[in-house]
Structures are given as C-alpha cells and as structure tokens.
file entry17.pdb (PDB, C-alpha atoms)
ATOM      1  CA  MET A   1     115.670  95.292  51.661
ATOM      2  CA  LEU A   2     117.330  96.964  54.628
ATOM      3  CA  GLY A   3     114.260  97.915  56.595
ATOM      4  CA  ASP A   4     114.830  98.783  60.247
ATOM      5  CA  HIS A   5     118.484  97.828  59.957
ATOM      6  CA  LYS A   6     119.129 101.267  58.519
ATOM      7  CA  LYS A   7     119.014 102.397  62.127
ATOM      8  CA  GLY A   8     122.140 100.362  62.900
ATOM      9  CA  PHE A   9     125.286 100.746  60.817
ATOM     10  CA  PHE A  10     123.547 102.847  58.175
ATOM     11  CA  GLY A  11     122.056 105.363  60.575
ATOM     12  CA  LYS A  12     125.320 105.767  62.476
ATOM     13  CA  LEU A  13     127.405 106.387  59.368
ATOM     14  CA  SER A  14     124.847 108.769  57.895
ATOM     15  CA  GLN A  15     124.738 110.761  61.127
ATOM     16  CA  ARG A  16     128.532 110.971  61.356
ATOM     17  CA  VAL A  17     128.781 112.290  57.791
ATOM     18  CA  SER A  18     125.954 114.773  58.479
ATOM     19  CA  ASP A  19     127.727 116.002  61.602
ATOM     20  CA  ALA A  20     131.005 116.437  59.717
ATOM     21  CA  LEU A  21     129.244 118.529  57.072
ATOM     22  CA  ALA A  22     127.281 120.603  59.584
ATOM     23  CA  MET A  23     130.370 121.583  61.532
ATOM     24  CA  ARG A  24     131.889 123.501  58.632
ATOM     25  CA  PRO A  25     130.690 126.599  56.792
ATOM     26  CA  THR A  26     132.671 125.477  53.743
ATOM     27  CA  ILE A  27     133.662 122.104  52.338
ATOM     28  CA  ASP A  28     137.419 122.188  52.882
ATOM     29  CA  GLU A  29     140.250 119.700  53.172
ATOM     30  CA  ASP A  30     139.521 119.197  56.865
ATOM     31  CA  PHE A  31     136.149 117.734  55.898
ATOM     32  CA  PHE A  32     137.721 115.225  53.519
ATOM     33  CA  GLU A  33     140.236 114.196  56.185
ATOM     34  CA  GLU A  34     137.423 113.650  58.675
ATOM     35  CA  LEU A  35     135.447 111.726  56.061
ATOM     36  CA  GLU A  36     138.446 109.435  55.588
ATOM     37  CA  GLU A  37     138.507 108.735  59.312
ATOM     38  CA  ILE A  38     134.748 108.075  59.375
ATOM     39  CA  LEU A  39     134.948 105.569  56.520
ATOM     40  CA  ILE A  40     138.029 103.759  57.844
ATOM     41  CA  THR A  41     136.496 103.350  61.297
ATOM     42  CA  SER A  42     133.404 101.886  59.602
ATOM     43  CA  ASP A  43     135.533  98.927  58.402
ATOM     44  CA  ILE A  44     136.170 100.320  54.933
ATOM     45  CA  GLY A  45     139.751  99.585  53.897
ATOM     46  CA  MET A  46     142.343 102.322  53.458
ATOM     47  CA  GLU A  47     142.719 101.919  49.691
ATOM     48  CA  THR A  48     138.971 101.852  49.104
ATOM     49  CA  THR A  49     138.471 104.844  51.395
ATOM     50  CA  GLU A  50     141.075 106.869  49.516
ATOM     51  CA  LYS A  51     139.417 106.069  46.180
ATOM     52  CA  ILE A  52     136.005 107.134  47.474
ATOM     53  CA  VAL A  53     137.260 110.354  49.054
ATOM     54  CA  ASP A  54     139.409 111.284  46.040
ATOM     55  CA  THR A  55     136.429 110.777  43.715
ATOM     56  CA  LEU A  56     134.165 112.889  45.911
ATOM     57  CA  ARG A  57     136.783 115.616  46.331
ATOM     58  CA  SER A  58     137.242 115.875  42.568
ATOM     59  CA  GLU A  59     133.483 116.084  41.924
ATOM     60  CA  VAL A  60     132.891 118.634  44.702
ATOM     61  CA  GLN A  61     135.634 120.867  43.359
ATOM     62  CA  SER A  62     134.771 120.542  39.667
ATOM     63  CA  ASN A  63     131.039 121.117  40.264
ATOM     64  CA  ASN A  64     131.410 123.649  43.063
ATOM     65  CA  MET A  65     129.160 121.629  45.393
ATOM     66  CA  THR A  66     128.344 123.350  48.687
ATOM     67  CA  LYS A  67     125.025 121.928  49.945
ATOM     68  CA  PRO A  68     125.516 119.129  52.511
ATOM     69  CA  GLU A  69     122.545 117.073  51.266
ATOM     70  CA  VAL A  70     123.808 117.195  47.683
ATOM     71  CA  ILE A  71     127.237 116.052  48.819
ATOM     72  CA  LYS A  72     125.747 113.200  50.854
ATOM     73  CA  ILE A  73     123.675 111.995  47.913
ATOM     74  CA  ARG A  74     126.689 112.174  45.619
ATOM     75  CA  LEU A  75     128.755 110.210  48.145
ATOM     76  CA  GLY A  76     126.058 107.547  48.187
ATOM     77  CA  LYS A  77     126.121 107.250  44.405
ATOM     78  CA  ILE A  78     129.908 106.950  44.410
ATOM     79  CA  ILE A  79     129.706 104.132  46.959
ATOM     80  CA  ALA A  80     126.976 102.393  44.937
ATOM     81  CA  ASP A  81     129.226 102.476  41.863
ATOM     82  CA  PHE A  82     132.070 100.893  43.845
ATOM     83  CA  ILE A  83     130.009  97.911  44.996
ATOM     84  CA  ASN A  84     127.759  97.366  41.981
ATOM     85  CA  LYS A  85     129.022  94.391  39.982
ATOM     86  CA  GLY A  86     126.222  94.395  37.418
ATOM     87  CA  ASP A  87     125.029  90.980  36.236
ATOM     88  CA  LEU A  88     127.441  89.235  38.632
ATOM     89  CA  GLN A  89     125.418  90.659  41.538
ATOM     90  CA  LYS A  90     122.632  88.120  40.998
ATOM     91  CA  LEU A  91     122.687  84.399  41.631
ATOM     92  CA  SER A  92     122.880  82.408  38.400
ATOM     93  CA  ASP A  93     119.451  81.660  36.953
ATOM     94  CA  ASP A  94     120.832  78.998  34.619
ATOM     95  CA  TYR A  95     119.449  75.677  35.884
ATOM     96  CA  PRO A  96     120.334  73.092  37.014
ATOM     97  CA  LEU A  97     122.562  74.938  39.450
ATOM     98  CA  VAL A  98     125.036  73.578  42.013
ATOM     99  CA  ILE A  99     126.008  75.912  44.856
ATOM    100  CA  LEU A 100     129.007  75.186  47.069
ATOM    101  CA  MET A 101     128.690  77.083  50.346
ATOM    102  CA  ILE A 102     132.122  77.797  51.793
ATOM    103  CA  GLY A 103     133.263  79.495  54.994
ATOM    104  CA  ILE A 104     134.650  79.057  58.485
ATOM    105  CA  ASN A 105     132.706  77.475  61.315
ATOM    106  CA  GLY A 106     130.564  79.940  63.238
ATOM    107  CA  GLY A 107     130.058  82.324  60.337
ATOM    108  CA  GLY A 108     126.441  81.373  59.728
ATOM    109  CA  LYS A 109     127.017  78.968  56.840
ATOM    110  CA  THR A 110     124.487  76.273  57.741
ATOM    111  CA  THR A 111     121.843  78.841  58.648
ATOM    112  CA  SER A 112     122.447  80.674  55.367
ATOM    113  CA  ILE A 113     122.027  77.430  53.418
ATOM    114  CA  GLY A 114     118.647  76.853  55.020
ATOM    115  CA  LYS A 115     117.509  80.411  54.389
ATOM    116  CA  LEU A 116     118.741  80.314  50.786
ATOM    117  CA  ALA A 117     116.864  77.059  50.211
ATOM    118  CA  TYR A 118     113.723  78.688  51.590
ATOM    119  CA  MET A 119     114.175  81.732  49.329
ATOM    120  CA  LEU A 120     114.662  79.607  46.216
ATOM    121  CA  LYS A 121     111.609  77.474  47.040
ATOM    122  CA  LYS A 122     109.506  80.624  47.371
ATOM    123  CA  GLN A 123     110.708  81.564  43.898
ATOM    124  CA  GLY A 124     109.302  78.280  42.589
ATOM    125  CA  ARG A 125     112.552  76.310  42.358
ATOM    126  CA  THR A 126     113.011  72.700  43.425
ATOM    127  CA  VAL A 127     115.876  72.459  45.900
ATOM    128  CA  MET A 128     117.997  69.754  47.519
ATOM    129  CA  MET A 129     120.777  70.077  50.096
ATOM    130  CA  ALA A 130     123.950  68.002  50.556
ATOM    131  CA  ALA A 131     125.521  67.674  54.014
ATOM    132  CA  ALA A 132     129.138  67.516  52.823
ATOM    133  CA  ASP A 133     130.565  68.993  56.045
ATOM    134  CA  THR A 134     131.304  65.581  57.521
ATOM    135  CA  PHE A 135     134.162  66.818  59.725
ATOM    136  CA  ARG A 136     132.168  68.863  62.231
ATOM    137  CA  ALA A 137     130.100  67.031  64.787
ATOM    138  CA  ALA A 138     126.363  67.636  64.346
ATOM    139  CA  ALA A 139     126.813  69.586  61.080
ATOM    140  CA  SER A 140     124.596  67.215  59.107
ATOM    141  CA  GLU A 141     122.043  67.125  61.912
ATOM    142  CA  GLN A 142     121.788  70.901  61.837
ATOM    143  CA  LEU A 143     121.308  70.858  58.082
ATOM    144  CA  CYS A 144     118.613  68.190  58.385
ATOM    145  CA  ILE A 145     116.759  70.357  60.908
ATOM    146  CA  TRP A 146     116.792  73.158  58.351
ATOM    147  CA  GLY A 147     115.699  70.706  55.653
ATOM    148  CA  GLU A 148     112.646  69.731  57.686
ATOM    149  CA  ARG A 149     111.912  73.375  58.466
ATOM    150  CA  VAL A 150     111.898  74.506  54.838
ATOM    151  CA  GLY A 151     110.657  71.255  53.281
ATOM    152  CA  VAL A 152     113.836  70.296  51.394
ATOM    153  CA  ASN A 153     115.447  66.851  51.200
ATOM    154  CA  VAL A 154     118.989  66.491  52.558
ATOM    155  CA  VAL A 155     121.517  63.911  51.352
ATOM    156  CA  ARG A 156     123.847  62.907  54.187
ATOM    157  CA  HIS A 157     126.390  60.241  55.171
ATOM    158  CA  ALA A 158     127.825  59.275  58.535
ATOM    159  CA  GLU A 159     130.153  61.662  60.352
ATOM    160  CA  GLY A 160     133.701  61.363  59.003
ATOM    161  CA  ALA A 161     132.596  60.129  55.572
ATOM    162  CA  ASP A 162     134.223  61.336  52.365
ATOM    163  CA  PRO A 163     132.598  64.726  51.561
ATOM    164  CA  SER A 164     132.971  64.128  47.832
ATOM    165  CA  ALA A 165     131.042  60.879  48.191
ATOM    166  CA  VAL A 166     128.180  62.886  49.704
ATOM    167  CA  ILE A 167     128.333  65.269  46.743
ATOM    168  CA  TYR A 168     128.329  62.332  44.327
ATOM    169  CA  ASP A 169     125.235  60.762  45.871
ATOM    170  CA  ALA A 170     123.466  64.121  46.085
ATOM    171  CA  ILE A 171     124.087  64.769  42.389
ATOM    172  CA  GLN A 172     122.686  61.365  41.399
ATOM    173  CA  SER A 173     119.573  62.001  43.484
ATOM    174  CA  ALA A 174     119.162  65.568  42.208
ATOM    175  CA  LYS A 175     119.461  64.436  38.586
ATOM    176  CA  ALA A 176     116.968  61.619  39.090
ATOM    177  CA  LYS A 177     114.448  64.002  40.638
ATOM    178  CA  ASN A 178     115.051  66.864  38.162
ATOM    179  CA  ILE A 179     116.084  69.220  40.959
ATOM    180  CA  ASP A 180     116.768  72.827  39.936
ATOM    181  CA  VAL A 181     119.258  73.737  42.678
ATOM    182  CA  LEU A 182     121.606  71.585  44.751
ATOM    183  CA  ILE A 183     123.110  73.460  47.713
ATOM    184  CA  CYS A 184     126.174  71.806  49.248
ATOM    185  CA  ASP A 185     127.501  72.456  52.722
ATOM    186  CA  THR A 186     131.292  72.126  53.052
ATOM    187  CA  ALA A 187     133.721  71.869  55.933
ATOM    188  CA  GLY A 188     134.534  75.156  57.616
ATOM    189  CA  ARG A 189     137.958  74.087  58.727
ATOM    190  CA  LEU A 190     140.368  71.279  57.903
ATOM    191  CA  GLN A 191     143.815  70.552  59.280
ATOM    192  CA  ASN A 192     145.573  73.067  57.064
ATOM    193  CA  LYS A 193     145.142  75.140  53.940
ATOM    194  CA  LYS A 194     146.362  72.360  51.637
ATOM    195  CA  ASN A 195     143.724  69.965  52.997
ATOM    196  CA  LEU A 196     141.072  72.593  52.390
ATOM    197  CA  MET A 197     142.220  73.263  48.833
ATOM    198  CA  ASP A 198     142.467  69.542  48.056
ATOM    199  CA  GLU A 199     138.988  68.828  49.420
ATOM    200  CA  LEU A 200     137.331  71.719  47.550
ATOM    201  CA  ASN A 201     139.148  70.766  44.351
ATOM    202  CA  LYS A 202     138.004  67.160  44.721
ATOM    203  CA  MET A 203     134.384  68.246  45.183
ATOM    204  CA  SER A 204     134.619  70.507  42.158
ATOM    205  CA  LYS A 205     135.951  67.672  39.993
ATOM    206  CA  VAL A 206     133.123  65.382  41.110
ATOM    207  CA  ILE A 207     130.535  68.018  40.180
ATOM    208  CA  GLY A 208     132.175  68.687  36.820
ATOM    209  CA  ARG A 209     132.381  64.975  36.001
ATOM    210  CA  GLU A 210     128.946  63.899  37.238
ATOM    211  CA  TRP A 211     126.869  66.943  36.280
ATOM    212  CA  PRO A 212     128.784  68.836  33.583
ATOM    213  CA  GLU A 213     125.660  70.586  32.294
ATOM    214  CA  ALA A 214     124.974  72.215  35.672
ATOM    215  CA  SER A 215     125.949  75.846  36.206
ATOM    216  CA  ARG A 216     128.009  76.641  39.294
ATOM    217  CA  GLU A 217     128.227  79.106  42.165
ATOM    218  CA  ASN A 218     130.837  79.042  44.943
ATOM    219  CA  LEU A 219     129.552  81.342  47.685
ATOM    220  CA  LEU A 220     131.734  82.401  50.602
ATOM    221  CA  VAL A 221     129.809  83.016  53.826
ATOM    222  CA  LEU A 222     131.280  85.806  55.979
ATOM    223  CA  ASP A 223     130.256  87.180  59.364
ATOM    224  CA  ALA A 224     130.007  90.982  59.049
ATOM    225  CA  THR A 225     130.768  91.439  62.739
ATOM    226  CA  THR A 226     134.313  90.131  62.213
ATOM    227  CA  GLY A 227     135.137  93.302  60.273
ATOM    228  CA  LYS A 228     138.541  93.296  58.655
ATOM    229  CA  ASN A 229     139.109  89.614  59.501
ATOM    230  CA  ALA A 230     136.588  88.910  56.755
ATOM    231  CA  VAL A 231     139.043  90.356  54.226
ATOM    232  CA  SER A 232     141.675  87.747  55.091
ATOM    233  CA  GLN A 233     139.041  85.019  54.711
ATOM    234  CA  VAL A 234     138.223  86.224  51.195
ATOM    235  CA  SER A 235     141.913  86.020  50.348
ATOM    236  CA  GLU A 236     142.418  82.566  51.894
ATOM    237  CA  PHE A 237     139.311  80.915  50.474
ATOM    238  CA  GLY A 238     139.771  82.713  47.172
ATOM    239  CA  GLU A 239     142.972  80.734  46.668
ATOM    240  CA  ALA A 240     141.256  77.468  47.555
ATOM    241  CA  ALA A 241     138.138  77.897  45.418
ATOM    242  CA  GLY A 242     136.933  80.123  42.616
ATOM    243  CA  ILE A 243     134.609  82.262  44.715
ATOM    244  CA  THR A 244     131.753  83.705  42.626
ATOM    245  CA  GLY A 245     130.124  85.771  45.368
ATOM    246  CA  ILE A 246     129.746  86.608  49.041
ATOM    247  CA  VAL A 247     126.988  85.910  51.557
ATOM    248  CA  LEU A 248     127.441  88.490  54.333
ATOM    249  CA  THR A 249     125.708  87.436  57.548
ATOM    250  CA  LYS A 250     124.823  89.399  60.698
ATOM    251  CA  LEU A 251     124.694  92.732  58.879
ATOM    252  CA  ASP A 252     122.643  94.395  61.588
ATOM    253  CA  GLY A 253     123.240  97.054  64.229
ATOM    254  CA  THR A 254     126.228  95.163  65.653
ATOM    255  CA  ALA A 255     128.201  95.299  62.399
ATOM    256  CA  LYS A 256     129.984  98.319  60.985
ATOM    257  CA  GLY A 257     129.049  97.138  57.503
ATOM    258  CA  GLY A 258     131.741  98.955  55.572
ATOM    259  CA  ILE A 259     133.404  95.631  54.906
ATOM    260  CA  VAL A 260     130.969  95.302  51.976
ATOM    261  CA  LEU A 261     132.809  98.076  50.152
ATOM    262  CA  THR A 262     136.259  96.693  50.885
ATOM    263  CA  ILE A 263     135.395  93.225  49.569
ATOM    264  CA  ALA A 264     133.654  94.558  46.463
ATOM    265  CA  ASP A 265     136.476  96.962  45.617
ATOM    266  CA  GLU A 266     139.678  95.164  46.633
ATOM    267  CA  PHE A 267     138.629  91.733  45.349
ATOM    268  CA  ASP A 268     136.221  92.830  42.598
ATOM    269  CA  MET A 269     133.793  90.461  44.299
ATOM    270  CA  PRO A 270     129.989  90.785  44.319
ATOM    271  CA  VAL A 271     128.123  90.551  47.613
ATOM    272  CA  LYS A 272     125.098  88.521  46.489
ATOM    273  CA  PHE A 273     123.187  88.042  49.744
ATOM    274  CA  VAL A 274     123.065  89.662  53.172
ATOM    275  CA  GLY A 275     121.725  88.268  56.417
ATOM    276  CA  LEU A 276     119.868  90.918  58.404
ATOM    277  CA  GLY A 277     118.587  88.898  61.346
ATOM    278  CA  GLU A 278     117.632  85.505  62.730
ATOM    279  CA  GLY A 279     114.333  85.034  60.880
ATOM    280  CA  ILE A 280     113.925  82.567  58.040
ATOM    281  CA  GLU A 281     113.277  85.435  55.588
ATOM    282  CA  ASP A 282     116.161  87.578  56.807
ATOM    283  CA  LEU A 283     118.545  86.423  54.072
ATOM    284  CA  GLN A 284     117.979  88.833  51.215
ATOM    285  CA  GLU A 285     119.445  89.629  47.825
ATOM    286  CA  PHE A 286     121.957  92.438  48.091
ATOM    287  CA  ASP A 287     121.056  95.647  46.266
ATOM    288  CA  PRO A 288     124.088  97.989  45.988
ATOM    289  CA  VAL A 289     122.000 101.066  45.212
ATOM    290  CA  GLU A 290     119.629 100.489  48.109
ATOM    291  CA  PHE A 291     122.586  99.813  50.383
ATOM    292  CA  ALA A 292     124.130 103.181  49.528
ATOM    293  CA  GLU A 293     120.811 105.002  49.699
ATOM    294  CA  GLY A 294     120.173 103.416  53.086
ATOM    295  CA  ILE A 295     123.264 105.190  54.371
ATOM    296  CA  PHE A 296     122.740 108.628  52.896
ATOM    297  CA  LYS A 297     118.999 109.225  52.571
TER
END

call {"tool": "encode", "arguments": {"input": "entry17.pdb", "output": "structure tokens"}}
result
Amino acid sequence: MLGDHKKGFFGKLSQRVSDALAMRPTIDEDFFEELEEILITSDIGMETTEKIVDTLRSEVQSNNMTKPEVIKIRLGKIIADFINKGDLQKLSDDYPLVILMIGINGGGKTTSIGKLAYMLKKQGRTVMMAAADTFRAAASEQLCIWGERVGVNVVRHAEGADPSAVIYDAIQSAKAKNIDVLICDTAGRLQNKKNLMDELNKMSKVIGREWPEASRENLLVLDATTGKNAVSQVSEFGEAAGITGIVLTKLDGTAKGGIVLTIADEFDMPVKFVGLGEGIEDLQEFDPVEFAEGIFK
C-alpha cells in the first residue's frame, strides 16, 4: 500500500528511532524521553505518545529487551494495535450504500470522491455521485470532470440550490438505476457551525426517509499536511455529523503522518483511506499493520 512513500514520513521516523537506539549502549530512561520527543514532533498527540511509550517501556522492562531491532519491531506492533479498529477499518460492504463526504474546502474532498468512485468501479460496483456542495463556485463542475474521467454519472443542480434537493434527486435516480453506491459531496464551509450542523442533519433525514434500506458512511476528508489542525476538524465535524471514518489525503513525504495515530486513539476513529499522491489510483485502503511495518521495517 505505501510503496515509495515509506521514504517520506515513514523513513524519517524509522531513522530517528534507529539513531536514538544506536546512541545508547543500554535502553534507559533517556531513550524513552527521546522517543517521546520523536513521536510528538511527528504529529502524534501528547496523550497518545505517552500511552505508546508507557506500553513499550513496560514490555522492554518485563521482557528484558536489549536488541534495537527487536524493540523497533515491538514498537511497530504497539502502534498497529493503537490504530487498528478491526471491522470498522473497512468501508461498509452492505449495499446499497450512501456515502456523505465531509470536510473543509482545500482538503482534497472532491478529488477523493473521484478516486473513491474509481476504486469502487474497479471492484465491480455501480456508482453515482451527487454534487451537493452548491455553495462553492465550480464545485459541481469539478465533480462532473471527475465523473467523466471515471465514467460515473453525476446528479447536479444550479449553484446556490438546496443541497438536500440534490441528494433527493440523486437518491431517486440511484434507486431507479439500481446503483450500489451513491457518493455525495457536501459543502466544506457554511456561515457558521450551526448552519453546517443543520445542513448535514437535513441531508441525513432526506437519506433516511427516501432510502431507509441503504447503509450509510459519513467520511471526513482531512489533509495530512495540516498536522494537529486536523484534530480540531475531527472534533468540529464530529459534533455536526456521525463520522464513521477518515479519508487522510496528502500522506506523502510532506506530511509527518503521526496524525493517524492521534485520530485513531483520541477519537476511537478508523482511518479508512489514505491519499498517497495525485494519481487516480493513489487513494488506497488503509492497512494499520502495513502502516506500522512501513515505519519500523
């Protein structure tokens, strides 16, 4: 999954941990303090960092671990356990499925919708997209460009239209055509938090009323390069909508990447997809074990 992107965030973190281990003849408290600093400066939150380091410290002491490579592997497994959310890690495979894509403007939401549609089509699913971000100029045009690129129909209204009306029409079309997955774009920013909550709630009610048999996913799209700002977005949007998972974009050499651990631990939230580049196939399912192994192997 991670490919050459291991050379970015993953390679840097692995090298820093290796250097910290190599500098000491014994694994002492100074090492654990340095490890804390390494993890925190990699965008892993303080509370999550302390949990990881405390777990590793306890295992090193109880098992008398001394070999650097063994300690690195164990650290990787601890991290994998923190971010692995089991069955919640995967996108629902109960069809029909309606996906609300949520997130601020500029975070890669529209691009992620197009890439997700492409991925689902490759898996043999029929897909439709709804351009329900009617507040941002050119949002529906961008989605239509992606629709043409991946061969997926897009339901759209004029700019400024009622987003829930777009959702309504998209549902009627999807039901008539026996579509497996309806992916809905939503506004990245409204006038205030109440407007955002009201709009998302209205959309949710329309979906529940018009397509009650459909399963649901509310995916929050976050830009990994924003680091700790992504945490506040999880909190804000989490209050406005029942987020079921995260799509983390731009997880390449420019991102520290540790934000994955913070989100998974502090919010008990699965990261379901990661964007690793600009290509149409660069949105991939997130594998917690491979993520951790990519750091420490």

call {"tool": "resolve_selection", "arguments": {"input": "entry17.pdb", "expression": "the PyMOL selection byres ((chain A and resi 178) around 12)", "output": "number ranges by chain"}}
result
A: 95-97, 125-128, 170-177, 179-182, 211, 214

call {"tool": "write_last_selection", "arguments": {"input": "entry17.pdb", "atoms": "C-alpha atoms", "output": "PDB file, in the frame of the given file"}}
result
ATOM      1  CA  TYR A  95     119.449  75.677  35.884  1.00  0.00           C
ATOM      2  CA  PRO A  96     120.334  73.092  37.014  1.00  0.00           C
ATOM      3  CA  LEU A  97     122.562  74.938  39.450  1.00  0.00           C
ATOM      4  CA  ARG A 125     112.552  76.310  42.358  1.00  0.00           C
ATOM      5  CA  THR A 126     113.011  72.700  43.425  1.00  0.00           C
ATOM      6  CA  VAL A 127     115.876  72.459  45.900  1.00  0.00           C
ATOM      7  CA  MET A 128     117.997  69.754  47.519  1.00  0.00           C
ATOM      8  CA  ALA A 170     123.466  64.121  46.085  1.00  0.00           C
ATOM      9  CA  ILE A 171     124.087  64.769  42.389  1.00  0.00           C
ATOM     10  CA  GLN A 172     122.686  61.365  41.399  1.00  0.00           C
ATOM     11  CA  SER A 173     119.573  62.001  43.484  1.00  0.00           C
ATOM     12  CA  ALA A 174     119.162  65.568  42.208  1.00  0.00           C
ATOM     13  CA  LYS A 175     119.461  64.436  38.586  1.00  0.00           C
ATOM     14  CA  ALA A 176     116.968  61.619  39.090  1.00  0.00           C
ATOM     15  CA  LYS A 177     114.448  64.002  40.638  1.00  0.00           C
ATOM     16  CA  ILE A 179     116.084  69.220  40.959  1.00  0.00           C
ATOM     17  CA  ASP A 180     116.768  72.827  39.936  1.00  0.00           C
ATOM     18  CA  VAL A 181     119.258  73.737  42.678  1.00  0.00           C
ATOM     19  CA  LEU A 182     121.606  71.585  44.751  1.00  0.00           C
ATOM     20  CA  TRP A 211     126.869  66.943  36.280  1.00  0.00           C
ATOM     21  CA  ALA A 214     124.974  72.215  35.672  1.00  0.00           C
TER      22      ALA A 214
END

call {"tool": "resolve_selection", "arguments": {"input": "entry17.pdb", "expression": "the PyMOL selection byres ((chain A and resi 277-286) around 7)", "output": "VMD selection string"}}
result
chain A and resid 1 115 to 116 250 252 271 to 276 287 to 288

call {"tool": "resolve_selection", "arguments": {"input": "entry17.pdb", "expression": "the PyMOL selection byres ((chain A and resi 236) around 12)", "output": "list of chain:residue names"}}
result
A:Ile102, A:Gly103, A:Ile104, A:Arg189, A:Asn192, A:Lys193, A:Lys194, A:Leu196, A:Met197, A:Leu220, A:Asn229, A:Ala230, A:Val231, A:Ser232, A:Gln233, A:Val234, A:Ser235, A:Phe237, A:Gly238, A:Glu239, A:Ala240, A:Ala241, A:Gly242, A:Ile243, A:Phe267

call {"tool": "atom_distance", "arguments": {"input": "entry17.pdb", "atom1": "atom CA of Arg24 of chain A", "atom2": "atom CA of Thr262 of chain A"}}
result
28.2 Å

call {"tool": "residues_near_point", "arguments": {"input": "entry17.pdb", "point": "(135.7, 117.2, 58.2)", "cutoff": "12 Å", "atoms": "all atoms listed in the file", "output": "PyMOL selection string"}}
result
chain A and resi 16-39+53+68

call {"tool": "decode", "arguments": {"input": "entry17.pdb", "residues": "segment 97-114 of chain A", "atoms": "N, CA and C atoms", "output": "compact mmCIF listing (two decimals), in the first residue's frame"}}
result
# COMPACT_ATOMS: atom_id res chain seq x y z
N LEU A 97 -25.38 1.55 -0.67
CA LEU A 97 -24.61 2.32 0.30
C LEU A 97 -24.60 3.79 -0.10
N VAL A 98 -24.88 4.66 0.86
CA VAL A 98 -24.79 6.11 0.64
C VAL A 98 -23.63 6.65 1.46
N ILE A 99 -22.72 7.34 0.79
CA ILE A 99 -21.54 7.92 1.45
C ILE A 99 -21.63 9.43 1.41
N LEU A 100 -21.65 10.07 2.57
CA LEU A 100 -21.53 11.52 2.65
C LEU A 100 -20.06 11.85 2.84
N MET A 101 -19.50 12.63 1.94
CA MET A 101 -18.11 13.07 2.07
C MET A 101 -18.10 14.47 2.66
N ILE A 102 -17.42 14.60 3.80
CA ILE A 102 -17.47 15.83 4.58
C ILE A 102 -16.04 16.35 4.77
N GLY A 103 -15.89 17.67 4.85
CA GLY A 103 -14.56 18.23 5.09
C GLY A 103 -14.46 19.65 4.60
N ILE A 104 -13.42 20.35 5.04
CA ILE A 104 -13.25 21.75 4.66
C ILE A 104 -12.78 21.86 3.22
N ASN A 105 -12.99 23.04 2.64
CA ASN A 105 -12.51 23.30 1.30
C ASN A 105 -10.98 23.23 1.27
N GLY A 106 -10.44 22.66 0.21
CA GLY A 106 -9.00 22.60 0.06
C GLY A 106 -8.36 21.36 0.66
N GLY A 107 -9.16 20.50 1.26
CA GLY A 107 -8.61 19.31 1.89
C GLY A 107 -8.50 18.11 0.98
N GLY A 108 -8.99 18.25 -0.25
CA GLY A 108 -8.93 17.14 -1.20
C GLY A 108 -10.21 16.34 -1.28
N LYS A 109 -11.32 16.95 -0.87
CA LYS A 109 -12.59 16.21 -0.80
C LYS A 109 -13.09 15.77 -2.18
N THR A 110 -13.18 16.73 -3.11
CA THR A 110 -13.69 16.41 -4.44
C THR A 110 -12.81 15.39 -5.15
N THR A 111 -11.50 15.59 -5.04
CA THR A 111 -10.56 14.64 -5.64
C THR A 111 -10.72 13.25 -5.04
N SER A 112 -10.90 13.19 -3.72
CA SER A 112 -11.07 11.90 -3.05
C SER A 112 -12.35 11.21 -3.49
N ILE A 113 -13.40 11.99 -3.72
CA ILE A 113 -14.66 11.40 -4.20
C ILE A 113 -14.45 10.73 -5.55
N GLY A 114 -13.76 11.43 -6.45
CA GLY A 114 -13.49 10.86 -7.76
C GLY A 114 -12.65 9.60 -7.69
